[in-house]
$ cat final-v4.cif   # mmCIF, C-alpha atoms
data_upload
#
loop_
_atom_site.group_PDB
_atom_site.id
_atom_site.type_symbol
_atom_site.label_atom_id
_atom_site.label_comp_id
_atom_site.auth_asym_id
_atom_site.auth_seq_id
_atom_site.Cartn_x
_atom_site.Cartn_y
_atom_site.Cartn_z
ATOM 1 C CA MET X 1001 6.711 -23.548 1.019
ATOM 2 C CA LYS X 1002 8.695 -20.550 -0.186
ATOM 3 C CA ILE X 1003 7.138 -17.187 -1.024
ATOM 4 C CA VAL X 1004 8.810 -14.133 -2.534
ATOM 5 C CA LEU X 1005 7.083 -10.735 -2.378
ATOM 6 C CA ILE X 1006 8.334 -8.164 -4.888
ATOM 7 C CA PHE X 1007 7.921 -4.382 -4.853
ATOM 8 C CA ALA X 1008 8.360 -3.021 -8.373
ATOM 9 C CA PRO X 1009 11.101 -0.521 -9.349
ATOM 10 C CA SER X 1010 10.430 3.230 -9.422
ATOM 11 C CA PRO X 1011 13.370 4.547 -11.475
ATOM 12 C CA PHE X 1012 11.516 7.724 -12.470
ATOM 13 C CA ALA X 1013 11.390 8.931 -8.864
ATOM 14 C CA TYR X 1014 13.968 11.413 -7.614
ATOM 15 C CA ASP X 1015 14.513 9.135 -4.621
ATOM 16 C CA PRO X 1016 12.546 5.866 -4.929
ATOM 17 C CA ALA X 1017 13.740 4.547 -1.565
ATOM 18 C CA VAL X 1018 11.542 6.743 0.617
ATOM 19 C CA ASN X 1019 9.198 4.273 2.308
ATOM 20 C CA PRO X 1020 9.434 0.570 3.114
ATOM 21 C CA PRO X 1021 6.555 -1.013 1.136
ATOM 22 C CA LEU X 1022 3.599 -1.288 3.524
ATOM 23 C CA GLY X 1023 1.300 -3.513 1.443
ATOM 24 C CA ILE X 1024 3.673 -6.439 1.081
ATOM 25 C CA GLY X 1025 4.982 -5.678 4.566
ATOM 26 C CA TYR X 1026 1.529 -6.485 5.929
ATOM 27 C CA ILE X 1027 1.284 -9.633 3.810
ATOM 28 C CA HIS X 1028 4.741 -10.746 4.958
ATOM 29 C CA SER X 1029 3.942 -10.367 8.655
ATOM 30 C CA TYR X 1030 0.517 -11.998 8.199
ATOM 31 C CA LEU X 1031 1.962 -15.073 6.489
ATOM 32 C CA LYS X 1032 4.636 -15.337 9.172
ATOM 33 C CA SER X 1033 1.979 -15.114 11.883
ATOM 34 C CA LYS X 1034 0.251 -18.093 10.236
ATOM 35 C CA GLY X 1035 3.381 -20.225 10.499
ATOM 36 C CA ILE X 1036 4.832 -19.741 7.006
ATOM 37 C CA ASP X 1037 8.454 -18.978 7.755
ATOM 38 C CA ASP X 1038 10.136 -18.842 4.338
ATOM 39 C CA VAL X 1039 8.825 -15.487 3.119
ATOM 40 C CA GLU X 1040 11.138 -12.943 1.504
ATOM 41 C CA ILE X 1041 10.646 -9.312 0.487
ATOM 42 C CA ILE X 1042 12.509 -7.806 -2.472
ATOM 43 C CA ASP X 1043 12.142 -4.037 -2.735
ATOM 44 C CA PHE X 1044 13.565 -2.881 -6.054
ATOM 45 C CA SER X 1045 13.306 0.757 -4.981
ATOM 46 C CA LEU X 1046 16.453 0.063 -2.945
ATOM 47 C CA TYR X 1047 18.507 -0.769 -6.035
ATOM 48 C CA SER X 1048 19.370 2.288 -8.102
ATOM 49 C CA ASN X 1049 22.407 0.741 -9.802
ATOM 50 C CA TYR X 1050 20.454 -1.093 -12.520
ATOM 51 C CA ASP X 1051 19.413 0.165 -15.942
ATOM 52 C CA TYR X 1052 15.711 -0.537 -15.594
ATOM 53 C CA GLU X 1053 14.949 1.163 -18.909
ATOM 54 C CA ASP X 1054 16.892 -1.462 -20.875
ATOM 55 C CA THR X 1055 14.184 -4.056 -21.472
ATOM 56 C CA ASN X 1056 16.715 -6.506 -22.905
ATOM 57 C CA ASP X 1057 18.780 -6.526 -19.727
ATOM 58 C CA THR X 1058 17.394 -8.799 -17.016
ATOM 59 C CA LYS X 1059 20.433 -8.480 -14.768
ATOM 60 C CA TYR X 1060 18.401 -6.815 -12.015
ATOM 61 C CA LEU X 1061 16.012 -9.768 -12.044
ATOM 62 C CA ASP X 1062 18.702 -12.440 -12.296
ATOM 63 C CA GLU X 1063 20.673 -11.058 -9.369
ATOM 64 C CA GLN X 1064 17.830 -10.368 -6.945
ATOM 65 C CA ILE X 1065 14.978 -12.842 -7.463
ATOM 66 C CA PRO X 1066 15.461 -16.465 -6.344
ATOM 67 C CA LEU X 1067 13.990 -18.958 -8.799
ATOM 68 C CA ASP X 1068 12.981 -21.683 -6.361
ATOM 69 C CA ALA X 1069 9.879 -20.132 -4.795
ATOM 70 C CA ASP X 1070 6.431 -21.694 -4.908
ATOM 71 C CA PHE X 1071 4.646 -18.333 -5.110
ATOM 72 C CA TYR X 1072 5.704 -14.863 -6.242
ATOM 73 C CA GLY X 1073 3.708 -11.783 -5.295
ATOM 74 C CA ILE X 1074 4.212 -8.559 -7.281
ATOM 75 C CA SER X 1075 2.905 -5.247 -5.933
ATOM 76 C CA ALA X 1076 2.637 -2.205 -8.183
ATOM 77 C CA THR X 1077 0.871 1.086 -8.725
ATOM 78 C CA SER X 1078 -0.118 2.223 -12.221
ATOM 79 C CA SER X 1079 2.983 4.387 -12.581
ATOM 80 C CA VAL X 1080 5.180 1.288 -12.317
ATOM 81 C CA SER X 1081 2.768 -1.240 -13.832
ATOM 82 C CA ARG X 1082 5.193 -1.956 -16.666
ATOM 83 C CA TRP X 1083 7.213 -4.073 -14.255
ATOM 84 C CA ILE X 1084 4.280 -6.360 -13.549
ATOM 85 C CA TYR X 1085 4.574 -7.385 -17.195
ATOM 86 C CA GLU X 1086 8.355 -7.677 -17.257
ATOM 87 C CA ILE X 1087 8.801 -9.443 -13.917
ATOM 88 C CA ALA X 1088 5.934 -11.852 -14.578
ATOM 89 C CA LYS X 1089 7.333 -12.703 -18.022
ATOM 90 C CA TYR X 1090 10.766 -13.361 -16.537
ATOM 91 C CA LEU X 1091 9.325 -15.561 -13.793
ATOM 92 C CA LYS X 1092 7.118 -17.520 -16.185
ATOM 93 C CA GLU X 1093 10.135 -18.284 -18.393
ATOM 94 C CA ASN X 1094 12.447 -19.260 -15.552
ATOM 95 C CA THR X 1095 10.389 -20.751 -12.719
ATOM 96 C CA ALA X 1096 7.485 -23.051 -12.016
ATOM 97 C CA GLY X 1097 6.180 -20.804 -9.238
ATOM 98 C CA LYS X 1098 2.727 -19.254 -9.393
ATOM 99 C CA ILE X 1099 2.590 -15.499 -9.960
ATOM 100 C CA VAL X 1100 0.237 -13.248 -8.020
ATOM 101 C CA ALA X 1101 -0.248 -9.519 -8.685
ATOM 102 C CA GLY X 1102 -1.729 -7.054 -6.240
ATOM 103 C CA GLY X 1103 -1.746 -3.429 -5.236
ATOM 104 C CA ALA X 1104 -3.403 -0.371 -6.740
ATOM 105 C CA HIS X 1105 -2.946 -1.125 -10.449
ATOM 106 C CA PRO X 1106 -4.054 -4.783 -10.566
ATOM 107 C CA THR X 1107 -6.980 -3.931 -8.274
ATOM 108 C CA SER X 1108 -8.191 -1.154 -10.586
ATOM 109 C CA MET X 1109 -7.166 -2.688 -13.922
ATOM 110 C CA THR X 1110 -7.859 -6.320 -13.143
ATOM 111 C CA ARG X 1111 -9.127 -7.514 -16.505
ATOM 112 C CA GLN X 1112 -6.465 -5.660 -18.459
ATOM 113 C CA THR X 1113 -3.689 -7.028 -16.245
ATOM 114 C CA LEU X 1114 -4.914 -10.607 -16.630
ATOM 115 C CA GLU X 1115 -5.293 -10.214 -20.399
ATOM 116 C CA ASP X 1116 -1.965 -8.486 -21.042
ATOM 117 C CA THR X 1117 0.377 -10.288 -18.645
ATOM 118 C CA VAL X 1118 1.209 -13.866 -17.715
ATOM 119 C CA VAL X 1119 0.279 -13.537 -14.025
ATOM 120 C CA ASP X 1120 -1.710 -16.475 -12.714
ATOM 121 C CA TYR X 1121 -3.787 -14.603 -10.142
ATOM 122 C CA ILE X 1122 -4.745 -11.118 -9.055
ATOM 123 C CA ILE X 1123 -5.819 -10.222 -5.538
ATOM 124 C CA ARG X 1124 -8.129 -7.211 -5.487
ATOM 125 C CA GLY X 1125 -8.088 -5.151 -2.308
ATOM 126 C CA ASP X 1126 -6.623 -6.276 1.000
ATOM 127 C CA GLY X 1127 -4.217 -9.100 0.303
ATOM 128 C CA GLU X 1128 -3.361 -10.665 3.648
ATOM 129 C CA GLU X 1129 -6.054 -13.318 4.051
ATOM 130 C CA PRO X 1130 -6.523 -14.085 0.310
ATOM 131 C CA MET X 1131 -2.779 -14.632 -0.121
ATOM 132 C CA TYR X 1132 -2.668 -16.939 2.884
ATOM 133 C CA GLN X 1133 -5.638 -18.942 1.599
ATOM 134 C CA LEU X 1134 -4.106 -19.170 -1.881
ATOM 135 C CA VAL X 1135 -0.744 -20.515 -0.720
ATOM 136 C CA SER X 1136 -2.557 -22.857 1.697
ATOM 137 C CA GLY X 1137 -4.442 -24.564 -1.126
ATOM 138 C CA VAL X 1138 -7.958 -23.279 -0.482
ATOM 139 C CA ASP X 1139 -10.322 -23.776 -3.430
ATOM 140 C CA LEU X 1140 -9.910 -20.789 -5.761
ATOM 141 C CA ASP X 1141 -13.642 -20.111 -5.968
ATOM 142 C CA LYS X 1142 -13.784 -19.663 -2.194
ATOM 143 C CA ILE X 1143 -10.957 -17.118 -1.889
ATOM 144 C CA PRO X 1144 -12.279 -13.533 -1.587
ATOM 145 C CA GLY X 1145 -10.902 -10.945 -3.989
ATOM 146 C CA LEU X 1146 -9.057 -13.551 -6.087
ATOM 147 C CA CYS X 1147 -9.314 -13.114 -9.879
ATOM 148 C CA TYR X 1148 -8.035 -15.577 -12.484
ATOM 149 C CA TRP X 1149 -8.688 -17.359 -15.762
ATOM 150 C CA LYS X 1150 -11.093 -20.312 -15.700
ATOM 151 C CA ASP X 1151 -12.313 -22.190 -18.784
ATOM 152 C CA GLY X 1152 -11.229 -19.357 -21.065
ATOM 153 C CA LYS X 1153 -13.041 -16.685 -19.060
ATOM 154 C CA ILE X 1154 -11.914 -14.293 -16.346
ATOM 155 C CA VAL X 1155 -13.315 -14.827 -12.871
ATOM 156 C CA GLU X 1156 -13.436 -11.248 -11.546
ATOM 157 C CA LYS X 1157 -14.445 -10.877 -7.904
ATOM 158 C CA GLU X 1158 -15.110 -7.751 -5.897
ATOM 159 C CA ARG X 1159 -12.235 -6.353 -3.876
ATOM 160 C CA HIS X 1160 -11.663 -7.937 -0.479
ATOM 161 C CA TYR X 1161 -11.960 -5.909 2.731
ATOM 162 C CA HIS X 1162 -10.388 -7.030 5.981
ATOM 163 C CA LYS X 1163 -12.988 -5.779 8.435
ATOM 164 C CA ASN X 1164 -11.084 -5.748 11.739
ATOM 165 C CA LEU X 1165 -7.694 -4.139 11.105
ATOM 166 C CA ASP X 1166 -6.659 -4.609 14.726
ATOM 167 C CA GLU X 1167 -6.460 -8.340 13.997
ATOM 168 C CA LEU X 1168 -3.561 -7.827 11.595
ATOM 169 C CA PRO X 1169 0.023 -8.026 12.863
ATOM 170 C CA PHE X 1170 2.113 -4.906 12.403
ATOM 171 C CA PRO X 1171 3.762 -4.798 8.960
ATOM 172 C CA THR X 1172 7.281 -6.066 8.414
ATOM 173 C CA ARG X 1173 9.631 -3.214 7.582
ATOM 174 C CA LEU X 1174 13.008 -3.747 5.967
ATOM 175 C CA ASP X 1175 16.143 -2.043 7.284
ATOM 176 C CA ILE X 1176 14.915 1.514 7.945
ATOM 177 C CA ASN X 1177 18.439 2.875 7.523
ATOM 178 C CA LYS X 1178 18.151 2.153 3.786
ATOM 179 C CA TYR X 1179 15.153 4.477 3.375
ATOM 180 C CA HIS X 1180 15.110 8.241 3.195
ATOM 181 C CA ARG X 1181 11.911 9.571 4.761
ATOM 182 C CA TYR X 1182 12.562 12.526 7.037
ATOM 183 C CA ILE X 1183 10.780 15.171 9.066
ATOM 184 C CA GLY X 1184 13.322 17.917 9.291
ATOM 185 C CA GLU X 1185 16.578 16.070 9.802
ATOM 186 C CA GLU X 1186 15.027 13.186 11.731
ATOM 187 C CA THR X 1187 14.247 9.793 10.201
ATOM 188 C CA ALA X 1188 10.514 9.146 9.861
ATOM 189 C CA LEU X 1189 8.440 6.054 9.136
ATOM 190 C CA HIS X 1190 5.048 5.945 7.471
ATOM 191 C CA LEU X 1191 2.025 4.074 8.786
ATOM 192 C CA ILE X 1192 -1.717 3.838 8.277
ATOM 193 C CA THR X 1193 -4.504 4.157 10.838
ATOM 194 C CA LEU X 1194 -7.362 3.262 8.464
ATOM 195 C CA ARG X 1195 -8.106 1.813 5.049
ATOM 196 C CA GLY X 1196 -10.541 3.180 2.498
ATOM 197 C CA CYS X 1197 -12.169 6.537 1.789
ATOM 198 C CA PRO X 1198 -15.867 7.536 1.736
ATOM 199 C CA TYR X 1199 -15.477 10.266 -0.894
ATOM 200 C CA ASN X 1200 -15.579 10.306 -4.700
ATOM 201 C CA CYS X 1201 -12.983 12.841 -5.887
ATOM 202 C CA SER X 1202 -12.643 13.005 -9.666
ATOM 203 C CA PHE X 1203 -8.838 12.797 -9.546
ATOM 204 C CA CYS X 1204 -8.846 9.595 -7.482
ATOM 205 C CA ASP X 1205 -9.615 6.018 -8.446
ATOM 206 C CA LYS X 1206 -11.838 4.786 -5.643
ATOM 207 C CA THR X 1207 -11.557 1.230 -7.000
ATOM 208 C CA SER X 1208 -7.995 0.958 -5.754
ATOM 209 C CA VAL X 1209 -8.680 2.690 -2.445
ATOM 210 C CA GLY X 1210 -12.065 1.195 -1.614
ATOM 211 C CA ARG X 1211 -15.118 3.030 -0.310
ATOM 212 C CA GLY X 1212 -15.551 0.851 2.776
ATOM 213 C CA VAL X 1213 -13.636 2.688 5.512
ATOM 214 C CA ARG X 1214 -12.207 0.537 8.282
ATOM 215 C CA PHE X 1215 -10.481 2.054 11.286
ATOM 216 C CA ARG X 1216 -7.685 0.768 13.469
ATOM 217 C CA SER X 1217 -8.247 1.551 17.121
ATOM 218 C CA VAL X 1218 -6.193 4.320 18.687
ATOM 219 C CA GLU X 1219 -4.742 1.748 21.091
ATOM 220 C CA ASN X 1220 -3.607 -0.506 18.241
ATOM 221 C CA VAL X 1221 -1.887 2.304 16.347
ATOM 222 C CA MET X 1222 -0.154 3.591 19.460
ATOM 223 C CA ALA X 1223 1.080 0.070 20.226
ATOM 224 C CA GLU X 1224 2.720 0.019 16.773
ATOM 225 C CA ILE X 1225 4.272 3.447 17.308
ATOM 226 C CA ASP X 1226 5.571 2.424 20.743
ATOM 227 C CA SER X 1227 7.030 -0.750 19.229
ATOM 228 C CA ILE X 1228 8.832 1.257 16.527
ATOM 229 C CA ASN X 1229 10.121 3.684 19.116
ATOM 230 C CA ARG X 1230 11.500 0.853 21.273
ATOM 231 C CA GLN X 1231 13.198 -0.852 18.316
ATOM 232 C CA HIS X 1232 14.504 2.172 16.450
ATOM 233 C CA GLY X 1233 14.211 5.178 18.735
ATOM 234 C CA LEU X 1234 12.019 7.026 16.223
ATOM 235 C CA ARG X 1235 9.475 9.684 17.109
ATOM 236 C CA CYS X 1236 8.614 10.991 13.631
ATOM 237 C CA PHE X 1237 5.784 9.510 11.561
ATOM 238 C CA VAL X 1238 3.939 10.140 8.315
ATOM 239 C CA ILE X 1239 0.301 9.023 8.458
ATOM 240 C CA CYS X 1240 -0.535 7.856 4.938
ATOM 241 C CA ASP X 1241 -4.280 7.418 5.373
ATOM 242 C CA GLU X 1242 -6.276 8.739 2.428
ATOM 243 C CA ILE X 1243 -7.834 11.103 4.974
ATOM 244 C CA PHE X 1244 -6.601 10.952 8.557
ATOM 245 C CA PRO X 1245 -9.015 13.262 10.467
ATOM 246 C CA LEU X 1246 -12.248 11.650 9.259
ATOM 247 C CA LYS X 1247 -13.733 11.557 12.760
ATOM 248 C CA LYS X 1248 -13.329 14.475 15.142
ATOM 249 C CA LYS X 1249 -13.390 12.487 18.381
ATOM 250 C CA ARG X 1250 -10.945 9.902 17.019
ATOM 251 C CA THR X 1251 -8.581 12.651 15.895
ATOM 252 C CA GLN X 1252 -8.738 14.221 19.363
ATOM 253 C CA GLN X 1253 -7.842 10.880 20.940
ATOM 254 C CA PHE X 1254 -4.859 10.481 18.623
ATOM 255 C CA CYS X 1255 -3.680 14.008 19.352
ATOM 256 C CA GLU X 1256 -3.790 13.332 23.083
ATOM 257 C CA GLU X 1257 -1.603 10.244 22.633
ATOM 258 C CA PHE X 1258 0.782 11.935 20.189
ATOM 259 C CA LYS X 1259 1.302 14.819 22.586
ATOM 260 C CA LYS X 1260 2.073 12.452 25.494
ATOM 261 C CA ARG X 1261 4.849 10.898 23.411
ATOM 262 C CA ASN X 1262 6.231 14.165 22.017
ATOM 263 C CA LEU X 1263 5.857 12.945 18.432
ATOM 264 C CA LYS X 1264 6.310 14.830 15.168
ATOM 265 C CA TRP X 1265 3.964 13.817 12.369
ATOM 266 C CA ARG X 1266 2.417 14.585 9.004
ATOM 267 C CA CYS X 1267 -0.909 13.528 7.514
ATOM 268 C CA TRP X 1268 -3.238 13.839 4.522
ATOM 269 C CA CYS X 1269 -6.663 15.489 4.598
ATOM 270 C CA ARG X 1270 -9.567 17.150 2.757
ATOM 271 C CA ALA X 1271 -9.887 20.908 3.030
ATOM 272 C CA ASP X 1272 -13.488 20.731 4.244
ATOM 273 C CA LEU X 1273 -12.644 18.481 7.206
ATOM 274 C CA ILE X 1274 -10.385 20.907 9.036
ATOM 275 C CA ASN X 1275 -10.737 24.345 10.560
ATOM 276 C CA GLU X 1276 -8.620 26.667 12.649
ATOM 277 C CA GLU X 1277 -9.557 24.880 15.879
ATOM 278 C CA SER X 1278 -8.664 21.409 14.608
ATOM 279 C CA LEU X 1279 -5.420 22.621 13.046
ATOM 280 C CA GLU X 1280 -4.372 24.245 16.318
ATOM 281 C CA MET X 1281 -5.163 21.001 18.149
ATOM 282 C CA MET X 1282 -3.114 18.915 15.711
ATOM 283 C CA LYS X 1283 -0.226 21.382 15.689
ATOM 284 C CA ASP X 1284 -0.156 21.325 19.491
ATOM 285 C CA ALA X 1285 0.098 17.515 19.237
ATOM 286 C CA GLY X 1286 3.170 17.666 16.979
ATOM 287 C CA LEU X 1287 1.758 18.085 13.454
ATOM 288 C CA VAL X 1288 4.402 19.724 11.270
ATOM 289 C CA SER X 1289 2.666 19.646 7.872
ATOM 290 C CA ILE X 1290 -0.530 18.490 6.196
ATOM 291 C CA GLN X 1291 -1.195 17.536 2.566
ATOM 292 C CA ILE X 1292 -4.573 18.504 1.136
ATOM 293 C CA GLY X 1293 -6.109 17.120 -2.064
ATOM 294 C CA ILE X 1294 -7.885 19.794 -4.125
ATOM 295 C CA GLU X 1295 -10.311 19.062 -6.986
ATOM 296 C CA SER X 1296 -10.400 22.710 -8.000
ATOM 297 C CA GLY X 1297 -9.509 26.017 -6.385
ATOM 298 C CA ASP X 1298 -12.393 27.792 -8.115
ATOM 299 C CA ASP X 1299 -15.878 27.735 -6.579
ATOM 300 C CA GLY X 1300 -17.397 28.533 -9.962
ATOM 301 C CA VAL X 1301 -15.839 25.434 -11.495
ATOM 302 C CA LEU X 1302 -17.030 23.267 -8.623
ATOM 303 C CA LYS X 1303 -20.604 24.626 -8.855
ATOM 304 C CA SER X 1304 -20.727 24.395 -12.647
ATOM 305 C CA GLY X 1305 -20.616 20.614 -12.653
ATOM 306 C CA VAL X 1306 -17.459 20.513 -14.796
ATOM 307 C CA VAL X 1307 -15.714 18.266 -12.289
ATOM 308 C CA ASP X 1308 -18.624 15.815 -12.378
ATOM 309 C CA LYS X 1309 -18.598 15.815 -16.175
ATOM 310 C CA LEU X 1310 -14.881 15.106 -16.222
ATOM 311 C CA ARG X 1311 -15.462 12.275 -13.782
ATOM 312 C CA ASP X 1312 -18.023 10.758 -16.157
ATOM 313 C CA VAL X 1313 -15.630 11.066 -19.111
ATOM 314 C CA TRP X 1314 -12.837 9.457 -17.085
ATOM 315 C CA LYS X 1315 -15.062 6.464 -16.357
#

$ encode --input "final-v4.cif" --output "structure tokens"
Amino acid sequence: MKIVLIFAPSPFAYDPAVNPPLGIGYIHSYLKSKGIDDVEIIDFSLYSNYDYEDTNDTKYLDEQIPLDADFYGISATSSVSRWIYEIAKYLKENTAGKIVAGGAHPTSMTRQTLEDTVVDYIIRGDGEEPMYQLVSGVDLDKIPGLCYWKDGKIVEKERHYHKNLDELPFPTRLDINKYHRYIGEETALHLITLRGCPYNCSFCDKTSVGRGVRFRSVENVMAEIDSINRQHGLRCFVICDEIFPLKKKRTQQFCEEFKKRNLKWRCWCRADLINEESLEMMKDAGLVSIQIGIESGDDGVLKSGVVDKLRDVWK
């Protein structure tokens, strides 16, 4: 059994090679933990020497993707969804392997992706267990989150949630020296401490994120950070949760552990979940910056219902 996991190109980005891909990193480590040894990750954000805009030139595919795999997994957001189409077409013409798409775009645009591409399957939501079941030969109807064509119709299942995130092995990360995430002049790695978001912001597609919030324990996250520090000597991290400080007590516990380890870190948040006290606590624990999503900076707009109306139009 050979499996190739592919992270789509991002040629429009100023520097596409910022983060090792976490989604397929988790799938890679999960499959390996289940005894599947021949699993490869191809991150096209690392290759800037190809002309990705030339749709007639498949050199970047020919040179990087082996054609003898049993399964190919393609991960993509909407901004790079074009490469789901191109990579799947190339694989369908040159291999007998099954093609699986996952990530934000296929999860949100499941029906469109199945109708417009030649992928065989889509995994909606968390991909670790569904991917393992698929490559292990479990009956398709019994695999959670798996969408596919059957008798001329699309079987479209709800997204899959892995309930206990502490059960998952830490994600595989490719050579960190090839990536360019920094805090100041120090190399940083990104990680997640939870999955999902309970809110309904108009600028966000909750289908891809998922409303069911699941938390990793503080102990589990700190074990990952300690492991990274032992292997790479890093003490800078970017927490890529949709909203990190969702729970006050949990945030306090993290801050206590971060401070013990003299870490530097960034995170994402909502404006209404922080105050001067919490910011001082996080800064004292090594927080260097925080990104805040804003629906509107005008109270009148928020109270007028315009944002809600736009949300309805967007649907």

$ resolve_selection --input "final-v4.cif" --expression "the PyMOL selection byres ((chain X and resi 1280-1297) around 6)" --output "JSON, numbers by chain"
{"X": [1255, 1258, 1259, 1263, 1264, 1265, 1266, 1267, 1268, 1269, 1270, 1277, 1278, 1279, 1298]}

$ atom_distance --input "final-v4.cif" --atom1 "CA of Phe1071 in chain X" --atom2 "CA of Tyr1121 in chain X"
10.5 Å

$ residues_around --input "final-v4.cif" --residues "range 1057-1067 of chain X" --least-positions-apart "6" --cutoff "12 Å" --atoms "only C-alpha atoms" --output "PyMOL selection string"
chain X and resi 1002-1009+1039-1051+1073-1074+1083+1086-1099

$ atom_distance --input "final-v4.cif" --atom1 "CA of Asp1241 in chain X" --atom2 "CA of Leu1134 in chain X"
27.6 Å

$ resolve_selection --input "final-v4.cif" --expression "the PyMOL selection byres ((chain X and resi 1188) around 6)" --output "PyMOL selection string"
chain X and resi 1181-1182+1187+1189+1236-1237

$ atom_distance --input "final-v4.cif" --atom1 "CA of Ile1123 in chain X" --atom2 "CA of Arg1214 in chain X"
18.6 Å

$ residues_near_point --input "final-v4.cif" --point "(0.2, -5.4, 10.8)" --cutoff "12 Å" --atoms "all atoms listed in the file" --output "mmCIF file with C-alpha atoms, keeping the file's coordinate frame"
data_model
loop_
_atom_site.group_PDB
_atom_site.id
_atom_site.type_symbol
_atom_site.label_atom_id
_atom_site.label_comp_id
_atom_site.auth_asym_id
_atom_site.auth_seq_id
_atom_site.Cartn_x
_atom_site.Cartn_y
_atom_site.Cartn_z
ATOM 1 C CA LEU X 1022 3.599 -1.288 3.524
ATOM 2 C CA GLY X 1023 1.300 -3.513 1.443
ATOM 3 C CA ILE X 1024 3.673 -6.439 1.081
ATOM 4 C CA GLY X 1025 4.982 -5.678 4.566
ATOM 5 C CA TYR X 1026 1.529 -6.485 5.929
ATOM 6 C CA ILE X 1027 1.284 -9.633 3.810
ATOM 7 C CA HIS X 1028 4.741 -10.746 4.958
ATOM 8 C CA SER X 1029 3.942 -10.367 8.655
ATOM 9 C CA TYR X 1030 0.517 -11.998 8.199
ATOM 10 C CA LEU X 1031 1.962 -15.073 6.489
ATOM 11 C CA LYS X 1032 4.636 -15.337 9.172
ATOM 12 C CA SER X 1033 1.979 -15.114 11.883
ATOM 13 C CA ASP X 1126 -6.623 -6.276 1.000
ATOM 14 C CA GLY X 1127 -4.217 -9.100 0.303
ATOM 15 C CA GLU X 1128 -3.361 -10.665 3.648
ATOM 16 C CA HIS X 1162 -10.388 -7.030 5.981
ATOM 17 C CA ASN X 1164 -11.084 -5.748 11.739
ATOM 18 C CA LEU X 1165 -7.694 -4.139 11.105
ATOM 19 C CA ASP X 1166 -6.659 -4.609 14.726
ATOM 20 C CA GLU X 1167 -6.460 -8.340 13.997
ATOM 21 C CA LEU X 1168 -3.561 -7.827 11.595
ATOM 22 C CA PRO X 1169 0.023 -8.026 12.863
ATOM 23 C CA PHE X 1170 2.113 -4.906 12.403
ATOM 24 C CA PRO X 1171 3.762 -4.798 8.960
ATOM 25 C CA THR X 1172 7.281 -6.066 8.414
ATOM 26 C CA ARG X 1173 9.631 -3.214 7.582
ATOM 27 C CA LEU X 1191 2.025 4.074 8.786
ATOM 28 C CA ILE X 1192 -1.717 3.838 8.277
ATOM 29 C CA THR X 1193 -4.504 4.157 10.838
ATOM 30 C CA LEU X 1194 -7.362 3.262 8.464
ATOM 31 C CA ARG X 1216 -7.685 0.768 13.469
ATOM 32 C CA ASN X 1220 -3.607 -0.506 18.241
ATOM 33 C CA VAL X 1221 -1.887 2.304 16.347
ATOM 34 C CA ALA X 1223 1.080 0.070 20.226
ATOM 35 C CA GLU X 1224 2.720 0.019 16.773
ATOM 36 C CA ILE X 1225 4.272 3.447 17.308
ATOM 37 C CA SER X 1227 7.030 -0.750 19.229
#

$ closest_residue --input "final-v4.cif" --among "X:Ala1069, X:Gly1152, X:Pro1106, X:Asp1120" --to "Arg1082 in chain X" --atoms "only C-alpha atoms"
X:Pro1106

$ resolve_selection --input "final-v4.cif" --expression "the PyMOL selection byres ((chain X and resi 1018) around 9)" --output "list in words"
Asp1015, Pro1016, Ala1017, Asn1019, Pro1020, Ser1045, Lys1178, Tyr1179, His1180, Arg1181 and Tyr1182 of chain X
